[in-house]
file data_13.cif (mmCIF, C-alpha atoms)
data_start
loop_
_atom_site.label_atom_id
_atom_site.label_comp_id
_atom_site.auth_asym_id
_atom_site.auth_seq_id
_atom_site.Cartn_x
_atom_site.Cartn_y
_atom_site.Cartn_z
CA MET A 24 160.91 23.85 190.21
CA LEU A 25 157.76 25.46 191.56
CA ILE A 26 157.49 29.22 191.11
CA LYS A 27 154.40 30.54 192.82
CA ARG A 28 152.20 32.70 190.65
CA CYS A 29 150.89 35.85 192.35
CA THR A 30 148.27 38.47 191.64
CA ALA A 31 149.15 42.18 191.73
CA SER A 32 147.96 42.25 195.34
CA GLY A 33 150.28 39.40 196.28
CA GLU A 34 147.75 36.55 196.48
CA GLU A 35 149.29 33.23 195.52
CA HIS A 36 147.34 31.11 193.05
CA GLY A 37 147.70 28.20 190.68
CA LEU A 38 149.90 25.40 192.02
CA ILE A 39 150.88 26.79 195.42
CA ASN A 40 152.52 23.80 197.07
CA THR A 41 153.85 20.33 196.29
CA ILE A 42 154.33 17.75 199.03
CA SER A 43 156.09 14.44 198.54
CA ASN A 44 153.84 11.40 198.83
CA GLN A 45 154.86 8.83 201.43
CA VAL A 46 152.49 6.22 199.99
CA ALA A 47 154.67 4.09 197.74
CA ASP A 48 153.51 3.10 194.29
CA LYS A 49 153.53 -0.70 194.59
CA GLY A 50 152.97 -1.08 190.90
CA ASP A 51 150.40 -3.20 189.16
CA SER A 52 152.14 -6.57 188.96
CA GLN A 53 149.05 -8.44 190.17
CA VAL A 54 146.74 -7.32 187.39
CA ASN A 55 146.47 -8.82 183.93
CA ALA A 56 148.02 -7.19 180.89
CA LYS A 57 144.75 -5.81 179.49
CA ILE A 58 143.78 -3.99 182.67
CA LYS A 59 147.36 -2.88 183.18
CA SER A 60 147.55 -1.23 179.78
CA SER A 61 144.21 0.57 180.25
CA TYR A 62 145.33 1.71 183.73
CA GLU A 63 148.59 3.06 182.37
CA LYS A 64 146.79 4.81 179.55
CA LYS A 65 144.36 6.44 182.00
CA ARG A 66 147.20 7.50 184.28
CA LYS A 67 149.09 9.02 181.39
CA ASP A 68 145.96 10.81 180.20
CA ASP A 69 145.24 12.17 183.68
CA ALA A 70 148.75 13.62 183.90
CA ARG A 71 148.44 15.41 180.54
CA PRO A 72 148.66 19.20 181.10
CA VAL A 73 145.72 21.17 179.75
CA LYS A 74 145.16 24.92 179.74
CA ALA A 75 141.85 25.78 181.34
CA ARG A 76 139.98 28.84 182.57
CA TYR A 77 138.44 28.65 186.02
CA ILE A 78 134.83 29.76 186.49
CA ASN A 79 133.04 29.98 189.82
CA HIS A 80 129.28 30.25 189.45
CA ARG A 81 128.92 31.95 192.82
CA GLY A 82 131.01 34.95 191.83
CA VAL A 83 134.46 36.25 190.99
CA THR A 84 135.43 36.79 194.61
CA GLU A 85 135.16 33.05 195.38
CA ARG A 86 138.19 30.76 195.40
CA LEU A 87 138.77 27.04 194.99
CA GLU A 88 141.52 25.49 197.10
CA LYS A 89 141.92 21.82 196.34
CA VAL A 90 144.46 19.10 197.05
CA TYR A 91 145.13 16.75 194.16
CA CYS A 92 146.76 13.33 194.26
CA ARG A 93 145.13 10.68 192.12
CA TYR A 94 147.63 7.82 192.09
CA ALA A 95 149.88 6.19 194.65
CA GLY A 96 153.35 7.65 194.61
CA ASP A 97 152.31 10.88 192.89
CA PRO A 98 153.26 14.11 194.66
CA ILE A 99 150.47 15.80 196.59
CA GLN A 100 149.68 19.07 194.86
CA VAL A 101 147.83 21.99 196.41
CA TYR A 102 146.01 24.28 193.97
CA ARG A 103 144.33 27.61 194.60
CA LEU A 104 142.24 28.90 191.72
CA ILE A 105 140.85 32.40 191.14
CA PRO A 106 137.89 32.85 188.78
CA GLY A 107 138.76 34.26 185.36
CA HIS A 108 142.39 33.14 185.39
CA THR A 109 143.86 30.54 183.06
CA TYR A 110 145.91 27.69 184.46
CA GLU A 111 147.84 24.74 183.09
CA LEU A 112 146.40 21.80 185.01
CA PRO A 113 146.53 18.02 184.80
CA MET A 114 143.54 16.52 182.98
CA GLY A 115 142.69 14.39 186.03
CA PHE A 116 142.39 17.52 188.18
CA ILE A 117 140.04 19.12 185.66
CA GLU A 118 137.86 15.99 185.66
CA GLU A 119 137.68 16.05 189.46
CA VAL A 120 136.78 19.73 189.66
CA ASN A 121 134.13 19.49 186.95
CA GLY A 122 132.70 16.49 188.79
CA ILE A 123 132.20 18.36 192.06
CA GLU A 124 128.50 18.54 192.65
CA ILE A 125 126.58 19.79 195.65
CA VAL A 126 123.55 17.51 195.89
CA LYS A 127 120.25 19.24 196.57
CA ARG A 128 118.89 17.48 199.63
CA SER A 129 115.20 17.20 200.38
CA GLY A 130 113.84 19.32 203.19
CA LEU A 131 116.50 21.99 202.77
CA GLN A 132 115.78 25.56 201.87
CA SER A 133 119.33 26.52 201.06
CA VAL A 134 122.74 25.01 200.48
CA ASP A 135 125.59 27.13 201.80
CA GLY A 136 123.39 30.18 201.74
CA GLN A 137 122.12 29.56 198.20
CA ASN A 138 118.47 28.67 197.73
CA VAL A 139 118.12 25.24 196.17
CA THR A 140 114.97 26.29 194.37
CA SER A 141 114.22 29.64 192.82
CA ASP A 142 111.37 30.30 195.25
CA GLY A 143 113.29 29.14 198.32
CA GLU A 144 110.85 26.31 199.07
CA PRO A 145 112.29 23.01 200.40
CA LEU A 146 112.56 20.08 198.00
CA ALA A 147 110.36 17.04 198.46
CA LYS A 148 113.15 14.64 197.45
CA ASP A 149 116.87 14.64 196.72
CA SER A 150 117.86 15.79 193.25
CA ARG A 151 120.84 16.49 191.04
CA GLY A 152 123.31 18.98 192.35
CA LEU A 153 124.61 22.45 191.82
CA HIS A 154 127.82 22.91 189.86
CA VAL A 155 129.71 25.74 191.51
CA HIS A 156 133.18 25.13 190.07
CA GLU A 157 133.94 24.75 186.39
CA LEU A 158 137.17 24.47 184.43
CA VAL A 159 136.79 25.18 180.73
CA PRO A 160 139.70 23.79 178.68
CA ILE A 161 141.02 26.31 176.17
CA SER A 162 143.57 24.02 174.53
CA PHE A 163 143.95 20.31 173.98
CA MET B 10 176.37 28.97 244.60
CA VAL B 11 177.51 30.68 241.42
CA ASN B 12 177.13 34.40 241.04
CA ASN B 13 175.11 35.65 238.11
CA ASN B 14 178.11 37.55 236.86
CA ALA B 15 180.33 34.46 236.93
CA ASN B 16 179.44 33.46 233.38
CA ALA B 17 182.14 34.21 230.87
CA TYR B 18 181.16 36.11 227.77
CA LEU B 19 181.12 34.04 224.60
CA ALA B 20 183.12 35.36 221.72
CA PRO B 21 180.82 36.93 219.10
CA THR B 22 180.23 34.76 216.04
CA ILE B 23 178.53 35.21 212.72
CA GLN B 24 175.02 33.83 212.86
CA ILE B 25 174.56 31.27 210.15
CA PRO B 26 172.79 32.13 207.98
CA SER B 27 173.01 35.88 208.52
CA SER B 28 170.11 38.25 208.28
CA LEU B 29 170.94 40.29 205.19
CA GLU B 30 169.90 43.67 203.85
CA ILE B 31 168.00 43.63 200.57
CA ILE B 32 169.01 46.33 198.11
CA ALA B 33 167.03 45.20 195.05
CA ILE B 34 164.21 42.90 194.00
CA THR B 35 163.34 42.29 190.38
CA ARG B 36 159.80 42.12 189.05
CA ALA B 37 160.27 38.83 187.29
CA LYS B 38 159.45 35.15 187.22
CA PRO B 39 161.20 34.07 189.38
CA ALA B 40 162.02 37.10 191.53
CA VAL B 41 165.70 37.78 192.15
CA LEU B 42 166.86 39.49 195.35
CA THR B 43 170.16 41.34 195.61
CA VAL B 44 171.57 41.52 199.10
CA SER B 45 174.25 43.61 200.72
CA VAL B 46 176.80 41.53 202.65
CA ASP B 47 179.18 43.08 205.16
CA SER B 48 182.47 41.24 204.64
CA VAL B 49 183.31 41.28 208.36
CA LEU B 50 180.01 40.85 210.16
CA GLN B 51 178.01 38.78 207.71
CA ALA B 52 178.21 36.01 205.15
CA ASN B 53 175.86 34.92 202.42
CA THR B 54 175.73 31.26 203.33
CA TYR B 55 172.20 30.68 202.07
CA GLN B 56 171.63 27.58 200.01
CA GLU B 57 169.04 26.30 197.60
CA GLY B 58 166.05 24.83 199.42
CA GLN B 59 166.20 27.08 202.47
CA GLN B 60 163.33 29.34 203.40
CA VAL B 61 163.63 33.02 204.23
CA ARG B 62 161.23 35.58 205.57
CA LEU B 63 161.25 39.00 203.93
CA THR B 64 160.72 42.30 205.69
CA ILE B 65 160.06 45.19 203.33
CA PRO B 66 159.30 48.54 205.02
CA TYR B 67 156.61 50.65 203.36
CA GLY B 68 158.99 53.19 201.82
CA TYR B 69 160.63 50.54 199.64
CA GLY B 70 157.47 49.71 197.69
CA MET B 71 156.69 46.08 196.70
CA GLN B 72 154.57 45.54 199.79
CA GLN B 73 153.36 42.28 198.27
CA MET B 74 156.67 40.78 199.40
CA ASN B 75 156.51 42.13 202.96
CA GLY B 76 156.20 39.36 205.55
CA ARG B 77 156.27 36.61 202.94
CA THR B 78 158.19 33.39 203.49
CA VAL B 79 159.82 32.22 200.28
CA LYS B 80 161.97 29.30 199.23
CA ILE B 81 165.42 29.81 197.71
CA LEU B 82 165.81 28.36 194.23
CA GLY B 83 169.38 29.44 193.70
CA VAL B 84 172.21 31.56 195.07
CA SER B 85 174.88 33.30 193.04
CA GLY B 86 177.22 35.72 194.79
CA SER B 87 175.01 38.39 196.30
CA THR B 88 171.87 37.45 194.36
CA ILE B 89 169.23 35.03 195.60
CA THR B 90 166.50 33.62 193.37
CA VAL B 91 163.23 32.80 195.13
CA ASP B 92 160.11 30.84 194.20
CA ILE B 93 157.78 33.78 193.58
CA ASP B 94 156.55 35.36 190.37
CA SER B 95 156.75 39.09 191.15
CA THR B 96 155.93 40.29 187.64
CA LEU B 97 152.72 42.03 188.73
CA PHE B 98 154.10 43.46 191.97
CA ASP B 99 154.91 47.12 192.67
CA GLU B 100 158.40 48.42 191.98
CA PHE B 101 161.07 47.95 194.68
CA SER B 102 163.31 50.97 195.25
CA VAL B 103 165.58 51.93 198.13
CA PRO B 104 164.46 55.27 199.59
CA ALA B 105 166.99 58.05 200.12
CA SER B 106 166.90 57.87 203.92
CA GLY B 107 164.76 57.55 207.01
CA GLN B 108 163.70 53.95 206.61
CA LYS B 109 164.55 50.71 208.35
CA PRO B 110 166.46 48.44 205.98
CA ALA B 111 164.62 45.86 203.91
CA SER B 112 165.94 42.50 205.00
CA LEU B 113 165.69 38.75 204.78
CA ALA B 114 166.20 36.30 207.62
CA PRO B 115 166.12 32.51 207.91
CA ALA B 116 162.67 31.01 208.46
CA GLY B 117 161.67 27.58 209.64
CA SER B 118 163.51 24.42 210.60
CA ARG B 119 164.94 23.91 207.13
CA ASN B 120 167.76 26.20 208.18
CA LEU B 121 168.92 23.67 210.77
CA GLU B 122 168.16 20.41 209.06
CA PHE B 123 169.77 17.26 210.34
CA SER B 124 170.13 14.31 208.01
CA ASN B 125 169.47 10.98 209.73
CA THR B 126 171.21 9.22 206.87
CA SER B 127 174.47 11.08 206.68
CA GLY B 128 174.51 12.72 210.11
CA GLN B 129 175.39 16.00 208.43
CA GLU B 130 173.93 19.32 209.40
CA PRO B 131 174.20 21.17 206.09
CA PHE B 132 172.77 24.48 207.29
CA GLN B 133 174.43 24.42 210.70
CA SER B 134 177.11 26.80 211.81
CA LEU B 135 180.80 27.02 211.04
CA ASP B 136 182.06 24.18 213.23
CA ASN B 137 178.87 22.07 213.40
CA THR B 138 178.54 22.55 217.13
CA GLY B 139 176.43 25.66 217.22
CA ASN B 140 179.24 28.19 217.34
#
call {"tool": "encode", "arguments": {"input": "data_13.cif", "output": "structure tokens"}}
result
Amino acid sequence: MLIKRCTASGEEHGLINTISNQVADKGDSQVNAKIKSSYEKKRKDDARPVKARYINHRGVTERLEKVYCRYAGDPIQVYRLIPGHTYELPMGFIEEVNGIEIVKRSGLQSVDGQNVTSDGEPLAKDSRGLHVHELVPISF
Amino acid sequence: MVNNNANAYLAPTIQIPSSLEIIAITRAKPAVLTVSVDSVLQANTYQEGQQVRLTIPYGYGMQQMNGRTVKILGVSGSTITVDIDSTLFDEFSVPASGQKPASLAPAGSRNLEFSNTSGQEPFQSLDNTGN
């Protein structure tokens, strides 16, 4: 039963929608037992709920709206996160968000309006990215 | 040629589901709406899973609910539980006079769902033919 969380101004956040997945989970009958057990362990670990605080490094007025569905057959979940709030999220979702990286491309002076270097000069070559979104677990 | 006035009037029927007047909304998780149902002109035929659109005039407070489409989680008598956490919202109170009523009305096709499996129209009208 999904009850939408709202701010005092009425903005919905957290898990805001769940859509059934039409892609059937065909199972893992073709794989050997060793891979199957590690797959099941990973799937179980990804589904584990973890409390985490959302941080956006661009500012508190930013939002993250992300669709999450990692495995076949799982429901498609739509999340909307507001910086500073704490959410109970699946571990797999947290891994995905913390892995989002905007790569700094060569020849660019800015990425989405943010300078890629402190002096605004273009980069000579591609380099590691900017982490805008971060989920900090506060319980395990 | 048929004259425009040749059509016979249809007998009035209760629209299913009725648009109902809201007389209370709790600030809770989940929010619970209390509706006023006229025993002659209306019926609370809402069911779990349907969606309703809320209209809350300014004088009632709780403007966070105004215009919102919510899903029904449960119906009990004249109370309807919806899928919104209204804990942080403003208070809802019925003003003394001079305001349009706060109301809810069916929203979206879920109110006229047709099941291809069973052929049933669970949210259709009284005799399943549209009347």
call {"tool": "interface_residues", "arguments": {"input": "data_13.cif", "of": "chain B", "to": "chain A", "cutoff": "8 Å", "atoms": "only C-alpha atoms", "output": "MDAnalysis selection string"}}
result
chainID B and resid 38:39 73:74 82 91:95 97:99
call {"tool": "write_last_selection", "arguments": {"input": "data_13.cif", "atoms": "C-alpha atoms", "output": "PDB file, in the frame of the given file"}}
result
ATOM      1  CA  LYS B  38     159.450  35.150 187.220  1.00  0.00           C
ATOM      2  CA  PRO B  39     161.200  34.070 189.380  1.00  0.00           C
ATOM      3  CA  GLN B  73     153.360  42.280 198.270  1.00  0.00           C
ATOM      4  CA  MET B  74     156.670  40.780 199.400  1.00  0.00           C
ATOM      5  CA  LEU B  82     165.810  28.360 194.230  1.00  0.00           C
ATOM      6  CA  VAL B  91     163.230  32.800 195.130  1.00  0.00           C
ATOM      7  CA  ASP B  92     160.110  30.840 194.200  1.00  0.00           C
ATOM      8  CA  ILE B  93     157.780  33.780 193.580  1.00  0.00           C
ATOM      9  CA  ASP B  94     156.550  35.360 190.370  1.00  0.00           C
ATOM     10  CA  SER B  95     156.750  39.090 191.150  1.00  0.00           C
ATOM     11  CA  LEU B  97     152.720  42.030 188.730  1.00  0.00           C
ATOM     12  CA  PHE B  98     154.100  43.460 191.970  1.00  0.00           C
ATOM     13  CA  ASP B  99     154.910  47.120 192.670  1.00  0.00           C
TER      14      ASP B  99
END
call {"tool": "resolve_selection", "arguments": {"input": "data_13.cif", "expression": "the PyMOL selection byres ((chain B and resi 104-106) around 10)", "output": "PyMOL selection string"}}
result
chain B and resi 67-70+101-103+107-110
call {"tool": "atom_distance", "arguments": {"input": "data_13.cif", "atom1": "CA of Glu57 in chain B", "atom2": "CA of Ile34 in chain B"}}
result
17.7 Å
call {"tool": "atom_distance", "arguments": {"input": "data_13.cif", "atom1": "CA of Tyr77 in chain A", "atom2": "CA of His156 in chain A"}}
result
7.5 Å
call {"tool": "resolve_selection", "arguments": {"input": "data_13.cif", "expression": "the PyMOL selection byres ((chain A and resi 115) around 12)", "output": "list in words"}}
result
Lys65, Arg66, Lys67, Asp68, Asp69, Ala70, Arg71, Pro72, Val73, Tyr91, Cys92, Arg93, Tyr94, Glu111, Leu112, Pro113, Met114, Phe116, Ile117, Glu118, Glu119, Val120, Asn121, Gly122 and Leu158 of chain A
call {"tool": "residues_around", "arguments": {"input": "data_13.cif", "residues": "Ser150 in chain A", "least_positions_apart": "3", "cutoff": "10 Å", "atoms": "all atoms listed in the file", "output": "list in words"}}
result
Ile125, Val126, Lys127, Arg128, Ser129, Val139, Leu146, Ala147 and Leu153 of chain A
call {"tool": "atom_distance", "arguments": {"input": "data_13.cif", "atom1": "CA of Thr78 in chain B", "atom2": "CA of Val101 in chain A"}}
result
17.0 Å
call {"tool": "resolve_selection", "arguments": {"input": "data_13.cif", "expression": "the PyMOL selection byres ((chain A and resi 42) around 6)", "output": "JSON, numbers by chain"}}
result
{"A": [41, 43, 98, 99]}
call {"tool": "closest_residue", "arguments": {"input": "data_13.cif", "among": "B:Ser45, B:Leu50, B:Gly86, B:Arg77", "to": "Thr64 in chain B", "atoms": "only C-alpha atoms"}}
result
B:Arg77
call {"tool": "residues_around", "arguments": {"input": "data_13.cif", "residues": "Arg62 in chain B", "least_positions_apart": "5", "cutoff": "10 Å", "atoms": "only C-alpha atoms", "output": "ChimeraX atom specification"}}
result
/B:28,74-80,112-117
call {"tool": "write_last_selection", "arguments": {"input": "data_13.cif", "atoms": "C-alpha atoms", "output": "PDB file, in the frame of the given file"}}
result
ATOM      1  CA  SER B  28     170.110  38.250 208.280  1.00  0.00           C
ATOM      2  CA  MET B  74     156.670  40.780 199.400  1.00  0.00           C
ATOM      3  CA  ASN B  75     156.510  42.130 202.960  1.00  0.00           C
ATOM      4  CA  GLY B  76     156.200  39.360 205.550  1.00  0.00           C
ATOM      5  CA  ARG B  77     156.270  36.610 202.940  1.00  0.00           C
ATOM      6  CA  THR B  78     158.190  33.390 203.490  1.00  0.00           C
ATOM      7  CA  VAL B  79     159.820  32.220 200.280  1.00  0.00           C
ATOM      8  CA  LYS B  80     161.970  29.300 199.230  1.00  0.00           C
ATOM      9  CA  SER B 112     165.940  42.500 205.000  1.00  0.00           C
ATOM     10  CA  LEU B 113     165.690  38.750 204.780  1.00  0.00           C
ATOM     11  CA  ALA B 114     166.200  36.300 207.620  1.00  0.00           C
ATOM     12  CA  PRO B 115     166.120  32.510 207.910  1.00  0.00           C
ATOM     13  CA  ALA B 116     162.670  31.010 208.460  1.00  0.00           C
ATOM     14  CA  GLY B 117     161.670  27.580 209.640  1.00  0.00           C
TER      15      GLY B 117
END
call {"tool": "residues_around", "arguments": {"input": "data_13.cif", "residues": "Gly37 in chain A", "least_positions_apart": "3", "cutoff": "6 Å", "atoms": "all atoms listed in the file", "output": "PDB file with C-alpha atoms, in the frame of the given file"}}
result
ATOM      1  CA  TYR A 102     146.010  24.280 193.970  1.00  0.00           C
ATOM      2  CA  ARG A 103     144.330  27.610 194.600  1.00  0.00           C
ATOM      3  CA  LEU A 104     142.240  28.900 191.720  1.00  0.00           C
TER       4      LEU A 104
END
